[in-house]
Amino acid sequence: MKTELSNGEWTLMKALWDGAPMTIAQLTAALREGTGWSKHTIISMLSRLEAKGAVRYQTTGRAKVYAPILRREDAVRREARHFLDKVCDGRMGVLLNAMVDSRALSREDMEELSSILEKAKEENLG
């Protein structure tokens, strides 16, 4: 994929990740209430996402049926790296300290983070 996803593109991609394959009509219906987007907005965004290599379509009868090429996990990984580079100079510790200082981490979050770090430590050392 060439560039990061905009906020709107994330919204559309989430709908595709959750419900693909989907037609333009299905996407418009799924996103209308939360976004107010028209069919033409959806078509425009799909064109941009196709140019970025994030989605593809197949023609079935008269309808184009869209599916993601970009996996959700890959998009999250790229966005996390972009965020860390932009906001924290690439340093995770800066982000975690900010979250601890602002009390943004619940006990469950800290336990999950600890478990993730332990697993990573075992994989890297083992």
# chains A, B, ... in the order shown; residues from 1 in each chain; ligands from 1

call {"tool": "closest_atom_pairs", "arguments": {"of": "segment 54-108 of chain A", "to": "segment 32-49 of chain A", "cutoff": "12 Å", "atoms": "only C-alpha atoms", "output": "Markdown table"}}
result
| residue | atom | partner | partner_atom | distance |
| --- | --- | --- | --- | --- |
| A:Ala54 | CA | A:Leu49 | CA | 5.2 |
| A:Val55 | CA | A:Leu49 | CA | 5.8 |
| A:Arg56 | CA | A:Leu49 | CA | 8.5 |
| A:Tyr57 | CA | A:Leu46 | CA | 9.5 |
| A:Lys64 | CA | A:Ile43 | CA | 10.4 |
| A:Val65 | CA | A:Leu46 | CA | 11.0 |
| A:Tyr66 | CA | A:Leu46 | CA | 8.5 |
| A:Ala67 | CA | A:Leu46 | CA | 10.2 |
| A:Pro68 | CA | A:Leu49 | CA | 9.2 |
| A:Ile69 | CA | A:Leu49 | CA | 9.8 |
| A:Leu70 | CA | A:Leu49 | CA | 9.7 |

call {"tool": "write_last_selection", "arguments": {"atoms": "N, CA and C atoms", "output": "PDB file, in the first residue's frame"}}
result
ATOM      1  N   ALA A  54      -5.510  -1.125  -1.490  1.00  0.00           N
ATOM      2  CA  ALA A  54      -6.140  -1.621  -0.265  1.00  0.00           C
ATOM      3  C   ALA A  54      -7.376  -2.470  -0.533  1.00  0.00           C
ATOM      4  N   VAL A  55      -8.051  -2.242  -1.679  1.00  0.00           N
ATOM      5  CA  VAL A  55      -9.253  -3.010  -2.015  1.00  0.00           C
ATOM      6  C   VAL A  55      -9.193  -3.449  -3.473  1.00  0.00           C
ATOM      7  N   ARG A  56     -10.024  -4.408  -3.791  1.00  0.00           N
ATOM      8  CA  ARG A  56     -10.197  -4.837  -5.175  1.00  0.00           C
ATOM      9  C   ARG A  56     -11.682  -5.136  -5.365  1.00  0.00           C
ATOM     10  N   TYR A  57     -12.084  -5.230  -6.618  1.00  0.00           N
ATOM     11  CA  TYR A  57     -13.474  -5.580  -6.882  1.00  0.00           C
ATOM     12  C   TYR A  57     -13.567  -6.593  -8.008  1.00  0.00           C
ATOM     13  N   LYS A  64     -20.466  -4.102  -8.799  1.00  0.00           N
ATOM     14  CA  LYS A  64     -19.087  -4.350  -8.398  1.00  0.00           C
ATOM     15  C   LYS A  64     -19.130  -4.820  -6.948  1.00  0.00           C
ATOM     16  N   VAL A  65     -18.414  -5.893  -6.677  1.00  0.00           N
ATOM     17  CA  VAL A  65     -18.358  -6.455  -5.330  1.00  0.00           C
ATOM     18  C   VAL A  65     -16.941  -6.239  -4.808  1.00  0.00           C
ATOM     19  N   TYR A  66     -16.826  -5.493  -3.700  1.00  0.00           N
ATOM     20  CA  TYR A  66     -15.526  -5.089  -3.157  1.00  0.00           C
ATOM     21  C   TYR A  66     -15.099  -5.976  -2.003  1.00  0.00           C
ATOM     22  N   ALA A  67     -13.785  -6.169  -1.924  1.00  0.00           N
ATOM     23  CA  ALA A  67     -13.174  -6.916  -0.823  1.00  0.00           C
ATOM     24  C   ALA A  67     -11.832  -6.274  -0.498  1.00  0.00           C
ATOM     25  N   PRO A  68     -11.426  -6.344   0.754  1.00  0.00           N
ATOM     26  CA  PRO A  68     -10.121  -5.769   1.118  1.00  0.00           C
ATOM     27  C   PRO A  68      -8.977  -6.642   0.627  1.00  0.00           C
ATOM     28  N   ILE A  69      -7.929  -5.995   0.180  1.00  0.00           N
ATOM     29  CA  ILE A  69      -6.659  -6.677  -0.088  1.00  0.00           C
ATOM     30  C   ILE A  69      -5.779  -6.500   1.143  1.00  0.00           C
ATOM     31  N   LEU A  70      -5.804  -5.300   1.678  1.00  0.00           N
ATOM     32  CA  LEU A  70      -5.038  -4.972   2.880  1.00  0.00           C
ATOM     33  C   LEU A  70      -5.662  -5.659   4.084  1.00  0.00           C
TER      34      LEU A  70
END

call {"tool": "select_by_dssp", "arguments": {"residues": "chain A", "states": "strand (DSSP E or B)", "output": "list in words"}}
result
Met22, Thr23, Val55, Arg56, Tyr57, Gln58, Thr59, Thr60, Ala63, Lys64, Val65, Tyr66, Ala67 and Pro68 of chain A

call {"tool": "select_by_dssp", "arguments": {"residues": "chain A", "states": "alpha helix (DSSP H)", "output": "ChimeraX atom specification"}}
result
/A:7-19,24-35,39-51,72-88,92-101,107-125

call {"tool": "atom_distance", "arguments": {"atom1": "atom CA of Ile24 of chain A", "atom2": "atom CA of Leu5 of chain A"}}
result
19.2 Å

call {"tool": "closest_residue", "arguments": {"among": "A:Met92, A:Leu31, A:Leu117, A:Leu105", "to": "Gly8 of chain A", "atoms": "only C-alpha atoms"}}
result
A:Leu31

call {"tool": "decode", "arguments": {"residues": "segment 1-47 of chain A", "atoms": "N, CA and C atoms", "output": "PDB file, in the first residue's frame"}}
result
ATOM      1  N   MET A   1       0.839  -1.185   0.000  1.00  0.00           N
ATOM      2  CA  MET A   1       0.000   0.000   0.000  1.00  0.00           C
ATOM      3  C   MET A   1       0.877   1.237   0.000  1.00  0.00           C
ATOM      4  N   LYS A   2       0.468   2.252  -0.704  1.00  0.00           N
ATOM      5  CA  LYS A   2       1.317   3.416  -0.924  1.00  0.00           C
ATOM      6  C   LYS A   2       1.335   4.412   0.230  1.00  0.00           C
ATOM      7  N   THR A   3       0.192   4.695   0.830  1.00  0.00           N
ATOM      8  CA  THR A   3       0.133   5.707   1.883  1.00  0.00           C
ATOM      9  C   THR A   3      -0.772   5.246   3.015  1.00  0.00           C
ATOM     10  N   GLU A   4      -0.785   6.031   4.074  1.00  0.00           N
ATOM     11  CA  GLU A   4      -1.640   5.721   5.209  1.00  0.00           C
ATOM     12  C   GLU A   4      -3.105   5.939   4.828  1.00  0.00           C
ATOM     13  N   LEU A   5      -3.984   5.383   5.641  1.00  0.00           N
ATOM     14  CA  LEU A   5      -5.417   5.546   5.436  1.00  0.00           C
ATOM     15  C   LEU A   5      -5.900   6.803   6.160  1.00  0.00           C
ATOM     16  N   SER A   6      -6.790   7.545   5.513  1.00  0.00           N
ATOM     17  CA  SER A   6      -7.431   8.683   6.176  1.00  0.00           C
ATOM     18  C   SER A   6      -8.466   8.139   7.164  1.00  0.00           C
ATOM     19  N   ASN A   7      -9.011   9.007   8.005  1.00  0.00           N
ATOM     20  CA  ASN A   7     -10.038   8.568   8.961  1.00  0.00           C
ATOM     21  C   ASN A   7     -11.244   7.967   8.246  1.00  0.00           C
ATOM     22  N   GLY A   8     -11.670   8.604   7.174  1.00  0.00           N
ATOM     23  CA  GLY A   8     -12.795   8.080   6.411  1.00  0.00           C
ATOM     24  C   GLY A   8     -12.497   6.737   5.782  1.00  0.00           C
ATOM     25  N   GLU A   9     -11.288   6.590   5.263  1.00  0.00           N
ATOM     26  CA  GLU A   9     -10.898   5.320   4.666  1.00  0.00           C
ATOM     27  C   GLU A   9     -10.856   4.210   5.707  1.00  0.00           C
ATOM     28  N   TRP A  10     -10.446   4.534   6.925  1.00  0.00           N
ATOM     29  CA  TRP A  10     -10.483   3.542   8.012  1.00  0.00           C
ATOM     30  C   TRP A  10     -11.918   3.083   8.243  1.00  0.00           C
ATOM     31  N   THR A  11     -12.847   4.035   8.260  1.00  0.00           N
ATOM     32  CA  THR A  11     -14.254   3.699   8.482  1.00  0.00           C
ATOM     33  C   THR A  11     -14.755   2.745   7.408  1.00  0.00           C
ATOM     34  N   LEU A  12     -14.453   3.032   6.161  1.00  0.00           N
ATOM     35  CA  LEU A  12     -14.890   2.190   5.062  1.00  0.00           C
ATOM     36  C   LEU A  12     -14.206   0.826   5.117  1.00  0.00           C
ATOM     37  N   MET A  13     -12.909   0.822   5.405  1.00  0.00           N
ATOM     38  CA  MET A  13     -12.182  -0.449   5.483  1.00  0.00           C
ATOM     39  C   MET A  13     -12.720  -1.323   6.616  1.00  0.00           C
ATOM     40  N   LYS A  14     -13.076  -0.718   7.751  1.00  0.00           N
ATOM     41  CA  LYS A  14     -13.644  -1.509   8.853  1.00  0.00           C
ATOM     42  C   LYS A  14     -14.921  -2.210   8.407  1.00  0.00           C
ATOM     43  N   ALA A  15     -15.754  -1.503   7.644  1.00  0.00           N
ATOM     44  CA  ALA A  15     -16.978  -2.125   7.129  1.00  0.00           C
ATOM     45  C   ALA A  15     -16.637  -3.307   6.216  1.00  0.00           C
ATOM     46  N   LEU A  16     -15.634  -3.128   5.367  1.00  0.00           N
ATOM     47  CA  LEU A  16     -15.230  -4.228   4.487  1.00  0.00           C
ATOM     48  C   LEU A  16     -14.602  -5.379   5.260  1.00  0.00           C
ATOM     49  N   TRP A  17     -13.745  -5.070   6.235  1.00  0.00           N
ATOM     50  CA  TRP A  17     -13.135  -6.142   7.021  1.00  0.00           C
ATOM     51  C   TRP A  17     -14.201  -6.952   7.750  1.00  0.00           C
ATOM     52  N   ASP A  18     -15.251  -6.284   8.188  1.00  0.00           N
ATOM     53  CA  ASP A  18     -16.301  -6.973   8.943  1.00  0.00           C
ATOM     54  C   ASP A  18     -17.323  -7.672   8.057  1.00  0.00           C
ATOM     55  N   GLY A  19     -17.496  -7.198   6.801  1.00  0.00           N
ATOM     56  CA  GLY A  19     -18.597  -7.728   6.014  1.00  0.00           C
ATOM     57  C   GLY A  19     -18.310  -8.118   4.584  1.00  0.00           C
ATOM     58  N   ALA A  20     -17.066  -8.094   4.160  1.00  0.00           N
ATOM     59  CA  ALA A  20     -16.738  -8.367   2.757  1.00  0.00           C
ATOM     60  C   ALA A  20     -17.126  -9.785   2.377  1.00  0.00           C
ATOM     61  N   PRO A  21     -17.452  -9.966   1.121  1.00  0.00           N
ATOM     62  CA  PRO A  21     -17.496  -8.984   0.044  1.00  0.00           C
ATOM     63  C   PRO A  21     -18.780  -8.160   0.120  1.00  0.00           C
ATOM     64  N   MET A  22     -18.693  -6.898  -0.340  1.00  0.00           N
ATOM     65  CA  MET A  22     -19.847  -5.997  -0.285  1.00  0.00           C
ATOM     66  C   MET A  22     -19.950  -5.177  -1.564  1.00  0.00           C
ATOM     67  N   THR A  23     -21.178  -4.923  -1.968  1.00  0.00           N
ATOM     68  CA  THR A  23     -21.427  -4.046  -3.110  1.00  0.00           C
ATOM     69  C   THR A  23     -21.432  -2.594  -2.630  1.00  0.00           C
ATOM     70  N   ILE A  24     -21.422  -1.678  -3.577  1.00  0.00           N
ATOM     71  CA  ILE A  24     -21.509  -0.255  -3.232  1.00  0.00           C
ATOM     72  C   ILE A  24     -22.814   0.024  -2.493  1.00  0.00           C
ATOM     73  N   ALA A  25     -23.901  -0.585  -2.937  1.00  0.00           N
ATOM     74  CA  ALA A  25     -25.189  -0.393  -2.269  1.00  0.00           C
ATOM     75  C   ALA A  25     -25.139  -0.903  -0.824  1.00  0.00           C
ATOM     76  N   GLN A  26     -24.520  -2.043  -0.608  1.00  0.00           N
ATOM     77  CA  GLN A  26     -24.411  -2.587   0.749  1.00  0.00           C
ATOM     78  C   GLN A  26     -23.539  -1.690   1.631  1.00  0.00           C
ATOM     79  N   LEU A  27     -22.430  -1.206   1.092  1.00  0.00           N
ATOM     80  CA  LEU A  27     -21.563  -0.309   1.849  1.00  0.00           C
ATOM     81  C   LEU A  27     -22.282   0.990   2.184  1.00  0.00           C
ATOM     82  N   THR A  28     -23.005   1.529   1.216  1.00  0.00           N
ATOM     83  CA  THR A  28     -23.746   2.776   1.451  1.00  0.00           C
ATOM     84  C   THR A  28     -24.776   2.584   2.557  1.00  0.00           C
ATOM     85  N   ALA A  29     -25.504   1.490   2.519  1.00  0.00           N
ATOM     86  CA  ALA A  29     -26.510   1.216   3.549  1.00  0.00           C
ATOM     87  C   ALA A  29     -25.854   1.018   4.916  1.00  0.00           C
ATOM     88  N   ALA A  30     -24.726   0.307   4.935  1.00  0.00           N
ATOM     89  CA  ALA A  30     -24.049   0.018   6.204  1.00  0.00           C
ATOM     90  C   ALA A  30     -23.466   1.277   6.836  1.00  0.00           C
ATOM     91  N   LEU A  31     -23.022   2.220   6.007  1.00  0.00           N
ATOM     92  CA  LEU A  31     -22.321   3.400   6.526  1.00  0.00           C
ATOM     93  C   LEU A  31     -23.193   4.650   6.605  1.00  0.00           C
ATOM     94  N   ARG A  32     -24.356   4.637   6.004  1.00  0.00           N
ATOM     95  CA  ARG A  32     -25.200   5.827   5.925  1.00  0.00           C
ATOM     96  C   ARG A  32     -25.535   6.408   7.302  1.00  0.00           C
ATOM     97  N   GLU A  33     -26.001   5.579   8.219  1.00  0.00           N
ATOM     98  CA  GLU A  33     -26.433   6.090   9.525  1.00  0.00           C
ATOM     99  C   GLU A  33     -25.286   6.712  10.311  1.00  0.00           C
ATOM    100  N   GLY A  34     -24.145   6.054  10.335  1.00  0.00           N
ATOM    101  CA  GLY A  34     -23.024   6.554  11.121  1.00  0.00           C
ATOM    102  C   GLY A  34     -22.260   7.699  10.485  1.00  0.00           C
ATOM    103  N   THR A  35     -22.322   7.788   9.143  1.00  0.00           N
ATOM    104  CA  THR A  35     -21.507   8.786   8.451  1.00  0.00           C
ATOM    105  C   THR A  35     -22.308   9.801   7.643  1.00  0.00           C
ATOM    106  N   GLY A  36     -23.469   9.403   7.162  1.00  0.00           N
ATOM    107  CA  GLY A  36     -24.249  10.258   6.277  1.00  0.00           C
ATOM    108  C   GLY A  36     -23.713  10.284   4.858  1.00  0.00           C
ATOM    109  N   TRP A  37     -22.775   9.389   4.524  1.00  0.00           N
ATOM    110  CA  TRP A  37     -22.155   9.388   3.205  1.00  0.00           C
ATOM    111  C   TRP A  37     -23.136   8.930   2.128  1.00  0.00           C
ATOM    112  N   SER A  38     -23.032   9.561   0.975  1.00  0.00           N
ATOM    113  CA  SER A  38     -23.831   9.177  -0.178  1.00  0.00           C
ATOM    114  C   SER A  38     -23.112   8.071  -0.952  1.00  0.00           C
ATOM    115  N   LYS A  39     -23.831   7.517  -1.901  1.00  0.00           N
ATOM    116  CA  LYS A  39     -23.260   6.502  -2.789  1.00  0.00           C
ATOM    117  C   LYS A  39     -22.037   7.065  -3.522  1.00  0.00           C
ATOM    118  N   HIS A  40     -22.103   8.324  -3.923  1.00  0.00           N
ATOM    119  CA  HIS A  40     -20.999   8.932  -4.669  1.00  0.00           C
ATOM    120  C   HIS A  40     -19.751   9.100  -3.793  1.00  0.00           C
ATOM    121  N   THR A  41     -19.955   9.399  -2.522  1.00  0.00           N
ATOM    122  CA  THR A  41     -18.818   9.488  -1.589  1.00  0.00           C
ATOM    123  C   THR A  41     -18.151   8.126  -1.447  1.00  0.00           C
ATOM    124  N   ILE A  42     -18.959   7.090  -1.295  1.00  0.00           N
ATOM    125  CA  ILE A  42     -18.440   5.722  -1.166  1.00  0.00           C
ATOM    126  C   ILE A  42     -17.648   5.342  -2.424  1.00  0.00           C
ATOM    127  N   ILE A  43     -18.198   5.641  -3.596  1.00  0.00           N
ATOM    128  CA  ILE A  43     -17.515   5.318  -4.858  1.00  0.00           C
ATOM    129  C   ILE A  43     -16.171   6.030  -4.935  1.00  0.00           C
ATOM    130  N   SER A  44     -16.152   7.296  -4.559  1.00  0.00           N
ATOM    131  CA  SER A  44     -14.910   8.073  -4.584  1.00  0.00           C
ATOM    132  C   SER A  44     -13.865   7.481  -3.637  1.00  0.00           C
ATOM    133  N   MET A  45     -14.298   7.130  -2.432  1.00  0.00           N
ATOM    134  CA  MET A  45     -13.366   6.546  -1.460  1.00  0.00           C
ATOM    135  C   MET A  45     -12.869   5.181  -1.923  1.00  0.00           C
ATOM    136  N   LEU A  46     -13.747   4.388  -2.501  1.00  0.00           N
ATOM    137  CA  LEU A  46     -13.331   3.080  -3.009  1.00  0.00           C
ATOM    138  C   LEU A  46     -12.297   3.229  -4.124  1.00  0.00           C
ATOM    139  N   SER A  47     -12.479   4.235  -4.964  1.00  0.00           N
ATOM    140  CA  SER A  47     -11.495   4.486  -6.029  1.00  0.00           C
ATOM    141  C   SER A  47     -10.133   4.820  -5.446  1.00  0.00           C
TER     142      SER A  47
END
